[in-house]
Amino acid sequence: EDQVTQSPEALRLQEGESSSLNCSYTVSGLRGLFWYRQDPGKGPEFLFTLYSAGEEKEKERLKATLTKKESFLHITAPKPEDSATYLCAVQARNTDKLIFGTGTRLQVFP
Amino acid sequence: KAGVTQTPRYLIKTRGQQVTLSCSPISGHRSVSWYQQTPGQGLQFLFEYFSETQRNKGNFPGRFSGRQFSNSRSEMNVSTLELGDSALYLCASSLAIGDTQYFGPGTRLTVL
């Protein structure tokens, strides 16, 4: 069964304190792995798509990496505006269906 | 370029009623997917449409149905509402099957 597990569930960081979020997955034929950011009361906002092991993508303070079993979202020198829930999802081949993890709730305080 | 729009943004219904939610995808996008988000279950896939055809369906009862029109706009319907249907319903659109999905702001449904 296709499955996504994210850890930790919640993370509190001081401004400037770098850390990583983990997304472990099992899927029958990976088409892509997606990272989204979700603010309270809003829809998920697309961050990255990764397609193959070894791939990396960066955007401002965020960097996503992918292996055959997991993905990491590295946050370098975070700011309070990075506070949000970060969602990981996988997509199997021949479908648009995204299977989401339960997310990591990140709080960055000054 | 306008993003995905969903209407209405908020709905309050009572048990037993039915509800229709609407989604307008990003211009040019032909694939639309629907998700239910609750605090306990997270984001759960409902169904996906491409070119007016349902391509895939999640594990939800038959009370949940949807359709897509020729202009790619989509609607979902929930009949005989139950308290457990209270959730944020999210629509996502993509250019085609397998492309990146962009989400709308959601419709917050409360069932009393």
# chains A, B, ... in the order shown; residues from 1 in each chain; ligands from 1
>>> select_by_dssp(residues="chain A", states="strand (DSSP E)", output="mmCIF file with N, CA, C and O atoms, in the first residue's frame")
data_model
loop_
_atom_site.group_PDB
_atom_site.id
_atom_site.type_symbol
_atom_site.label_atom_id
_atom_site.label_comp_id
_atom_site.auth_asym_id
_atom_site.auth_seq_id
_atom_site.Cartn_x
_atom_site.Cartn_y
_atom_site.Cartn_z
ATOM 1 N N GLN A 3 2.220 4.752 0.912
ATOM 2 C CA GLN A 3 2.157 5.399 2.224
ATOM 3 C C GLN A 3 3.227 6.464 2.366
ATOM 4 O O GLN A 3 4.326 6.334 1.802
ATOM 5 N N VAL A 4 2.893 7.524 3.099
ATOM 6 C CA VAL A 4 3.842 8.611 3.372
ATOM 7 C C VAL A 4 3.832 8.911 4.871
ATOM 8 O O VAL A 4 2.756 9.082 5.452
ATOM 9 N N THR A 5 5.027 8.979 5.461
ATOM 10 C CA THR A 5 5.162 9.288 6.883
ATOM 11 C C THR A 5 6.091 10.473 7.040
ATOM 12 O O THR A 5 7.213 10.460 6.536
ATOM 13 N N GLN A 6 5.631 11.485 7.757
ATOM 14 C CA GLN A 6 6.447 12.673 7.982
ATOM 15 C C GLN A 6 6.842 12.789 9.441
ATOM 16 O O GLN A 6 6.068 12.466 10.342
ATOM 17 N N SER A 7 8.060 13.260 9.653
ATOM 18 C CA SER A 7 8.538 13.495 11.017
ATOM 19 C C SER A 7 9.463 14.702 11.042
ATOM 20 O O SER A 7 10.106 15.009 10.025
ATOM 21 N N ALA A 10 5.799 18.099 14.890
ATOM 22 C CA ALA A 10 5.915 19.516 15.170
ATOM 23 C C ALA A 10 7.366 19.849 15.459
ATOM 24 O O ALA A 10 8.124 19.016 15.990
ATOM 25 N N LEU A 11 7.758 21.068 15.106
ATOM 26 C CA LEU A 11 9.139 21.496 15.276
ATOM 27 C C LEU A 11 9.151 22.976 15.630
ATOM 28 O O LEU A 11 8.534 23.781 14.924
ATOM 29 N N ARG A 12 9.824 23.291 16.717
ATOM 30 C CA ARG A 12 9.985 24.684 17.126
ATOM 31 C C ARG A 12 11.444 25.070 16.957
ATOM 32 O O ARG A 12 12.335 24.393 17.497
ATOM 33 N N LEU A 13 11.688 26.117 16.211
ATOM 34 C CA LEU A 13 13.050 26.585 15.967
ATOM 35 C C LEU A 13 13.186 28.053 16.330
ATOM 36 O O LEU A 13 12.230 28.825 16.188
ATOM 37 N N GLN A 14 14.367 28.411 16.769
ATOM 38 C CA GLN A 14 14.649 29.821 16.961
ATOM 39 C C GLN A 14 15.084 30.389 15.608
ATOM 40 O O GLN A 14 15.674 29.665 14.777
ATOM 41 N N SER A 19 17.451 23.339 10.325
ATOM 42 C CA SER A 19 16.988 21.992 10.656
ATOM 43 C C SER A 19 16.475 21.298 9.399
ATOM 44 O O SER A 19 16.489 21.880 8.303
ATOM 45 N N SER A 20 16.045 20.050 9.556
ATOM 46 C CA SER A 20 15.529 19.266 8.431
ATOM 47 C C SER A 20 14.238 18.570 8.801
ATOM 48 O O SER A 20 14.073 18.118 9.939
ATOM 49 N N LEU A 21 13.343 18.469 7.814
ATOM 50 C CA LEU A 21 12.095 17.729 7.958
ATOM 51 C C LEU A 21 12.214 16.466 7.110
ATOM 52 O O LEU A 21 12.775 16.500 6.007
ATOM 53 N N ASN A 22 11.652 15.368 7.619
ATOM 54 C CA ASN A 22 11.779 14.089 6.934
ATOM 55 C C ASN A 22 10.464 13.613 6.357
ATOM 56 O O ASN A 22 9.400 13.814 6.944
ATOM 57 N N CYS A 23 10.531 12.973 5.206
ATOM 58 C CA CYS A 23 9.366 12.371 4.568
ATOM 59 C C CYS A 23 9.785 10.987 4.063
ATOM 60 O O CYS A 23 10.562 10.887 3.112
ATOM 61 N N SER A 24 9.272 9.941 4.710
ATOM 62 C CA SER A 24 9.546 8.573 4.271
ATOM 63 C C SER A 24 8.362 8.072 3.469
ATOM 64 O O SER A 24 7.216 8.338 3.834
ATOM 65 N N TYR A 25 8.620 7.325 2.398
ATOM 66 C CA TYR A 25 7.514 6.915 1.547
ATOM 67 C C TYR A 25 7.696 5.500 1.009
ATOM 68 O O TYR A 25 8.810 4.995 0.895
ATOM 69 N N THR A 26 6.564 4.883 0.719
ATOM 70 C CA THR A 26 6.535 3.640 -0.060
ATOM 71 C C THR A 26 5.470 3.837 -1.126
ATOM 72 O O THR A 26 4.349 4.253 -0.843
ATOM 73 N N LEU A 30 7.169 5.368 -8.450
ATOM 74 C CA LEU A 30 7.082 6.794 -8.129
ATOM 75 C C LEU A 30 7.104 7.627 -9.401
ATOM 76 O O LEU A 30 8.032 7.538 -10.209
ATOM 77 N N ARG A 31 6.077 8.465 -9.534
ATOM 78 C CA ARG A 31 6.101 9.441 -10.613
ATOM 79 C C ARG A 31 6.790 10.713 -10.121
ATOM 80 O O ARG A 31 7.601 11.296 -10.821
ATOM 81 N N GLY A 32 6.443 11.131 -8.890
ATOM 82 C CA GLY A 32 7.039 12.339 -8.347
ATOM 83 C C GLY A 32 6.747 12.484 -6.863
ATOM 84 O O GLY A 32 5.801 11.896 -6.344
ATOM 85 N N LEU A 33 7.611 13.232 -6.188
ATOM 86 C CA LEU A 33 7.414 13.554 -4.774
ATOM 87 C C LEU A 33 7.289 15.065 -4.673
ATOM 88 O O LEU A 33 8.074 15.809 -5.276
ATOM 89 N N PHE A 34 6.291 15.522 -3.946
ATOM 90 C CA PHE A 34 5.946 16.938 -3.905
ATOM 91 C C PHE A 34 6.041 17.470 -2.479
ATOM 92 O O PHE A 34 5.654 16.800 -1.531
ATOM 93 N N TRP A 35 6.509 18.692 -2.367
ATOM 94 C CA TRP A 35 6.474 19.419 -1.099
ATOM 95 C C TRP A 35 5.567 20.625 -1.253
ATOM 96 O O TRP A 35 5.655 21.362 -2.235
ATOM 97 N N TYR A 36 4.704 20.788 -0.252
ATOM 98 C CA TYR A 36 3.798 21.929 -0.196
ATOM 99 C C TYR A 36 3.934 22.596 1.161
ATOM 100 O O TYR A 36 4.261 21.955 2.154
ATOM 101 N N ARG A 37 3.591 23.869 1.180
ATOM 102 C CA ARG A 37 3.512 24.627 2.425
ATOM 103 C C ARG A 37 2.053 25.033 2.602
ATOM 104 O O ARG A 37 1.392 25.463 1.646
ATOM 105 N N GLN A 38 1.537 24.902 3.821
ATOM 106 C CA GLN A 38 0.155 25.292 4.077
ATOM 107 C C GLN A 38 0.078 26.190 5.293
ATOM 108 O O GLN A 38 0.512 25.816 6.381
ATOM 109 N N GLU A 45 0.378 25.417 -0.743
ATOM 110 C CA GLU A 45 1.121 26.181 -1.743
ATOM 111 C C GLU A 45 2.289 25.336 -2.239
ATOM 112 O O GLU A 45 3.097 24.851 -1.439
ATOM 113 N N PHE A 46 2.387 25.154 -3.542
ATOM 114 C CA PHE A 46 3.418 24.303 -4.119
ATOM 115 C C PHE A 46 4.812 24.860 -3.867
ATOM 116 O O PHE A 46 5.061 26.058 -4.034
ATOM 117 N N LEU A 47 5.728 23.952 -3.478
ATOM 118 C CA LEU A 47 7.126 24.329 -3.280
ATOM 119 C C LEU A 47 8.027 23.642 -4.314
ATOM 120 O O LEU A 47 8.727 24.297 -5.067
ATOM 121 N N PHE A 48 8.071 22.302 -4.267
ATOM 122 C CA PHE A 48 9.005 21.555 -5.107
ATOM 123 C C PHE A 48 8.377 20.265 -5.629
ATOM 124 O O PHE A 48 7.513 19.687 -4.981
ATOM 125 N N THR A 49 8.912 19.812 -6.778
ATOM 126 C CA THR A 49 8.673 18.460 -7.269
ATOM 127 C C THR A 49 10.026 17.797 -7.491
ATOM 128 O O THR A 49 10.932 18.390 -8.090
ATOM 129 N N LEU A 50 10.164 16.568 -7.000
ATOM 130 C CA LEU A 50 11.373 15.777 -7.217
ATOM 131 C C LEU A 50 10.970 14.490 -7.916
ATOM 132 O O LEU A 50 9.969 13.870 -7.549
ATOM 133 N N GLU A 56 17.962 17.325 -6.310
ATOM 134 C CA GLU A 56 17.871 18.360 -5.294
ATOM 135 C C GLU A 56 17.277 19.611 -5.936
ATOM 136 O O GLU A 56 17.547 19.900 -7.096
ATOM 137 N N LYS A 57 16.498 20.360 -5.133
ATOM 138 C CA LYS A 57 15.963 21.633 -5.603
ATOM 139 C C LYS A 57 15.997 22.634 -4.462
ATOM 140 O O LYS A 57 15.816 22.268 -3.297
ATOM 141 N N GLU A 58 16.252 23.895 -4.822
ATOM 142 C CA GLU A 58 16.367 24.945 -3.813
ATOM 143 C C GLU A 58 15.474 26.131 -4.149
ATOM 144 O O GLU A 58 15.218 26.426 -5.322
ATOM 145 N N LYS A 59 15.017 26.769 -3.072
ATOM 146 C CA LYS A 59 14.235 27.991 -3.220
ATOM 147 C C LYS A 59 14.417 28.789 -1.955
ATOM 148 O O LYS A 59 13.972 28.382 -0.883
ATOM 149 N N LEU A 62 14.997 27.175 1.514
ATOM 150 C CA LEU A 62 14.560 25.782 1.482
ATOM 151 C C LEU A 62 15.325 24.983 0.433
ATOM 152 O O LEU A 62 15.591 25.473 -0.662
ATOM 153 N N LYS A 63 15.656 23.738 0.804
ATOM 154 C CA LYS A 63 16.293 22.813 -0.129
ATOM 155 C C LYS A 63 15.689 21.434 0.072
ATOM 156 O O LYS A 63 15.655 20.929 1.192
ATOM 157 N N ALA A 64 15.218 20.832 -1.024
ATOM 158 C CA ALA A 64 14.613 19.506 -0.954
ATOM 159 C C ALA A 64 15.512 18.494 -1.643
ATOM 160 O O ALA A 64 16.072 18.776 -2.701
ATOM 161 N N THR A 65 15.636 17.318 -1.016
ATOM 162 C CA THR A 65 16.441 16.236 -1.577
ATOM 163 C C THR A 65 15.609 14.960 -1.602
ATOM 164 O O THR A 65 14.637 14.816 -0.855
ATOM 165 N N LEU A 66 16.031 14.014 -2.449
ATOM 166 C CA LEU A 66 15.268 12.784 -2.613
ATOM 167 C C LEU A 66 16.195 11.573 -2.704
ATOM 168 O O LEU A 66 17.198 11.600 -3.423
ATOM 169 N N GLU A 70 13.208 8.161 0.952
ATOM 170 C CA GLU A 70 12.796 9.324 1.718
ATOM 171 C C GLU A 70 13.226 10.629 1.052
ATOM 172 O O GLU A 70 14.064 10.639 0.144
ATOM 173 N N SER A 71 12.625 11.689 1.565
ATOM 174 C CA SER A 71 12.978 13.024 1.111
ATOM 175 C C SER A 71 13.187 13.896 2.335
ATOM 176 O O SER A 71 12.566 13.678 3.385
ATOM 177 N N PHE A 72 14.069 14.869 2.191
ATOM 178 C CA PHE A 72 14.312 15.822 3.268
ATOM 179 C C PHE A 72 14.037 17.230 2.762
ATOM 180 O O PHE A 72 14.353 17.563 1.615
ATOM 181 N N LEU A 73 13.485 18.025 3.656
ATOM 182 C CA LEU A 73 13.334 19.445 3.383
ATOM 183 C C LEU A 73 14.216 20.171 4.393
ATOM 184 O O LEU A 73 13.941 20.171 5.592
ATOM 185 N N HIS A 74 15.312 20.732 3.888
ATOM 186 C CA HIS A 74 16.261 21.431 4.746
ATOM 187 C C HIS A 74 15.891 22.905 4.790
ATOM 188 O O HIS A 74 15.665 23.525 3.746
ATOM 189 N N ILE A 75 15.861 23.452 6.001
ATOM 190 C CA ILE A 75 15.548 24.869 6.174
ATOM 191 C C ILE A 75 16.768 25.532 6.789
ATOM 192 O O ILE A 75 17.142 25.211 7.926
ATOM 193 N N ALA A 84 4.757 27.447 9.282
ATOM 194 C CA ALA A 84 3.654 26.887 8.491
ATOM 195 C C ALA A 84 3.666 25.382 8.696
ATOM 196 O O ALA A 84 4.562 24.845 9.363
ATOM 197 N N THR A 85 2.702 24.701 8.095
ATOM 198 C CA THR A 85 2.741 23.248 8.032
ATOM 199 C C THR A 85 3.293 22.840 6.674
ATOM 200 O O THR A 85 2.842 23.326 5.641
ATOM 201 N N TYR A 86 4.294 21.966 6.704
ATOM 202 C CA TYR A 86 4.922 21.507 5.469
ATOM 203 C C TYR A 86 4.437 20.095 5.167
ATOM 204 O O TYR A 86 4.573 19.194 6.002
ATOM 205 N N LEU A 87 3.876 19.934 3.983
ATOM 206 C CA LEU A 87 3.273 18.676 3.568
ATOM 207 C C LEU A 87 4.098 18.016 2.472
ATOM 208 O O LEU A 87 4.561 18.679 1.545
ATOM 209 N N CYS A 88 4.248 16.707 2.597
ATOM 210 C CA CYS A 88 4.925 15.902 1.597
ATOM 211 C C CYS A 88 3.884 14.993 0.955
ATOM 212 O O CYS A 88 2.980 14.492 1.642
ATOM 213 N N ALA A 89 3.984 14.784 -0.341
ATOM 214 C CA ALA A 89 3.039 13.903 -1.040
ATOM 215 C C ALA A 89 3.769 13.147 -2.139
ATOM 216 O O ALA A 89 4.712 13.661 -2.737
ATOM 217 N N VAL A 90 3.309 11.923 -2.406
ATOM 218 C CA VAL A 90 3.866 11.154 -3.515
ATOM 219 C C VAL A 90 2.766 10.880 -4.530
ATOM 220 O O VAL A 90 1.580 10.834 -4.200
ATOM 221 N N GLN A 91 3.190 10.717 -5.731
ATOM 222 C CA GLN A 91 2.272 10.435 -6.831
ATOM 223 C C GLN A 91 2.791 9.214 -7.574
ATOM 224 O O GLN A 91 3.949 9.189 -8.001
ATOM 225 N N ALA A 92 1.913 8.224 -7.699
ATOM 226 C CA ALA A 92 2.290 7.020 -8.422
ATOM 227 C C ALA A 92 2.064 7.237 -9.925
ATOM 228 O O ALA A 92 1.366 8.166 -10.337
ATOM 229 N N LEU A 98 -2.588 12.262 -5.335
ATOM 230 C CA LEU A 98 -1.496 12.544 -4.409
ATOM 231 C C LEU A 98 -1.799 11.883 -3.080
ATOM 232 O O LEU A 98 -2.897 12.006 -2.556
ATOM 233 N N ILE A 99 -0.799 11.192 -2.548
ATOM 234 C CA ILE A 99 -0.929 10.590 -1.216
ATOM 235 C C ILE A 99 -0.095 11.433 -0.270
ATOM 236 O O ILE A 99 1.136 11.509 -0.425
ATOM 237 N N PHE A 100 -0.784 12.052 0.683
ATOM 238 C CA PHE A 100 -0.135 13.008 1.569
ATOM 239 C C PHE A 100 0.271 12.393 2.888
ATOM 240 O O PHE A 100 -0.402 11.497 3.417
ATOM 241 N N THR A 104 4.388 18.380 8.866
ATOM 242 C CA THR A 104 5.201 18.852 9.987
ATOM 243 C C THR A 104 4.835 20.302 10.242
ATOM 244 O O THR A 104 4.937 21.134 9.332
ATOM 245 N N ARG A 105 4.382 20.570 11.451
ATOM 246 C CA ARG A 105 4.019 21.942 11.822
ATOM 247 C C ARG A 105 5.262 22.644 12.352
ATOM 248 O O ARG A 105 5.783 22.309 13.411
ATOM 249 N N LEU A 106 5.734 23.626 11.604
ATOM 250 C CA LEU A 106 6.963 24.346 11.955
ATOM 251 C C LEU A 106 6.629 25.706 12.552
ATOM 252 O O LEU A 106 5.837 26.460 11.987
ATOM 253 N N GLN A 107 7.232 25.983 13.690
ATOM 254 C CA GLN A 107 7.119 27.303 14.305
ATOM 255 C C GLN A 107 8.526 27.873 14.460
ATOM 256 O O GLN A 107 9.404 27.220 15.026
ATOM 257 N N VAL A 108 8.723 29.064 13.928
ATOM 258 C CA VAL A 108 10.004 29.759 14.062
ATOM 259 C C VAL A 108 9.760 31.017 14.878
ATOM 260 O O VAL A 108 8.971 31.875 14.485
ATOM 261 N N PHE A 109 10.425 31.129 16.005
ATOM 262 C CA PHE A 109 10.193 32.289 16.859
ATOM 263 C C PHE A 109 11.439 33.165 16.912
ATOM 264 O O PHE A 109 12.561 32.666 16.793
#
>>> residues_around(residues="stretch 79-93 of chain B", least_positions_apart="2", cutoff="8 Å", atoms="only C-alpha atoms", output="ChimeraX atom specification")
/A:43 /B:4,6,13-19,23,25-26,29-38,63-64,77,95,101-112
>>> interface_residues(of="chain A", to="chain B", cutoff="6 Å", atoms="only C-alpha atoms", output="compact mmCIF listing (two decimals) with all heavy atoms, in the first residue's frame")
# COMPACT_ATOMS: atom_id res chain seq x y z
N LYS A 42 -5.74 28.09 4.71
CA LYS A 42 -5.47 28.27 3.28
C LYS A 42 -5.17 26.94 2.61
O LYS A 42 -4.91 25.93 3.27
CB LYS A 42 -4.30 29.22 3.08
CG LYS A 42 -4.55 30.63 3.59
CD LYS A 42 -3.41 31.56 3.22
CE LYS A 42 -3.71 32.99 3.65
NZ LYS A 42 -2.62 33.93 3.27
N GLY A 43 -5.20 26.95 1.27
CA GLY A 43 -4.85 25.76 0.54
C GLY A 43 -3.34 25.58 0.48
O GLY A 43 -2.58 26.54 0.65
N PRO A 44 -2.87 24.35 0.25
CA PRO A 44 -1.43 24.11 0.14
C PRO A 44 -0.82 24.90 -1.01
O PRO A 44 -1.40 25.01 -2.09
CB PRO A 44 -1.35 22.61 -0.13
CG PRO A 44 -2.62 22.05 0.44
CD PRO A 44 -3.65 23.11 0.18
N ASP A 96 -3.24 10.93 -11.13
CA ASP A 96 -3.01 12.27 -10.59
C ASP A 96 -3.11 12.28 -9.07
O ASP A 96 -2.83 13.28 -8.44
CB ASP A 96 -4.06 13.22 -11.16
CG ASP A 96 -3.42 14.47 -11.75
OD1 ASP A 96 -2.19 14.48 -11.93
OD2 ASP A 96 -4.16 15.43 -12.02
N THR A 102 0.98 13.47 7.00
CA THR A 102 0.18 14.30 7.91
C THR A 102 0.82 15.65 8.18
O THR A 102 0.22 16.49 8.85
CB THR A 102 -0.07 13.57 9.23
OG1 THR A 102 1.18 13.10 9.74
CG2 THR A 102 -1.01 12.38 9.02
>>> atom_distance(atom1="atom CA of B:Thr5", atom2="atom CA of B:Asn71")
14.0 Å
>>> residues_around(residues="B:Met76", least_positions_apart="5", cutoff="7 Å", atoms="only C-alpha atoms", output="list in words")
Thr20, Leu21, Ser22, Ser65, Gly66 and Arg67 of chain B
>>> write_last_selection(atoms="N, CA, C and O atoms", output="PDB file, in the first residue's frame")
ATOM      1  N   THR B  20     -23.291  21.323  -2.965  1.00  0.00           N
ATOM      2  CA  THR B  20     -22.500  21.319  -4.197  1.00  0.00           C
ATOM      3  C   THR B  20     -21.408  22.366  -4.084  1.00  0.00           C
ATOM      4  O   THR B  20     -21.687  23.520  -3.755  1.00  0.00           O
ATOM      5  N   LEU B  21     -20.187  21.942  -4.342  1.00  0.00           N
ATOM      6  CA  LEU B  21     -19.033  22.829  -4.295  1.00  0.00           C
ATOM      7  C   LEU B  21     -18.490  22.997  -5.708  1.00  0.00           C
ATOM      8  O   LEU B  21     -18.513  22.047  -6.498  1.00  0.00           O
ATOM      9  N   SER B  22     -17.968  24.175  -5.993  1.00  0.00           N
ATOM     10  CA  SER B  22     -17.505  24.472  -7.336  1.00  0.00           C
ATOM     11  C   SER B  22     -16.020  24.810  -7.361  1.00  0.00           C
ATOM     12  O   SER B  22     -15.486  25.383  -6.402  1.00  0.00           O
ATOM     13  N   SER B  65     -19.799  12.623  -4.949  1.00  0.00           N
ATOM     14  CA  SER B  65     -19.742  12.490  -6.402  1.00  0.00           C
ATOM     15  C   SER B  65     -19.217  13.783  -7.007  1.00  0.00           C
ATOM     16  O   SER B  65     -19.159  14.816  -6.328  1.00  0.00           O
ATOM     17  N   GLY B  66     -18.831  13.712  -8.242  1.00  0.00           N
ATOM     18  CA  GLY B  66     -18.308  14.898  -8.897  1.00  0.00           C
ATOM     19  C   GLY B  66     -18.545  14.844 -10.381  1.00  0.00           C
ATOM     20  O   GLY B  66     -19.033  13.846 -10.931  1.00  0.00           O
ATOM     21  N   ARG B  67     -18.196  15.938 -11.026  1.00  0.00           N
ATOM     22  CA  ARG B  67     -18.243  15.967 -12.476  1.00  0.00           C
ATOM     23  C   ARG B  67     -17.359  17.091 -12.980  1.00  0.00           C
ATOM     24  O   ARG B  67     -17.019  18.013 -12.219  1.00  0.00           O
TER      25      ARG B  67
END
>>> atom_distance(atom1="atom CA of B:Val78", atom2="atom CA of B:Tyr10")
14.9 Å
>>> atom_distance(atom1="atom CA of A:Ala77", atom2="atom CA of A:Asp39")
19.5 Å
>>> residues_around(residues="B:Ser72", least_positions_apart="2", cutoff="7 Å", atoms="only C-alpha atoms", output="list in words")
Pro25, Arg30, Ser51, Gln68, Phe69, Ser70 and Ser74 of chain B
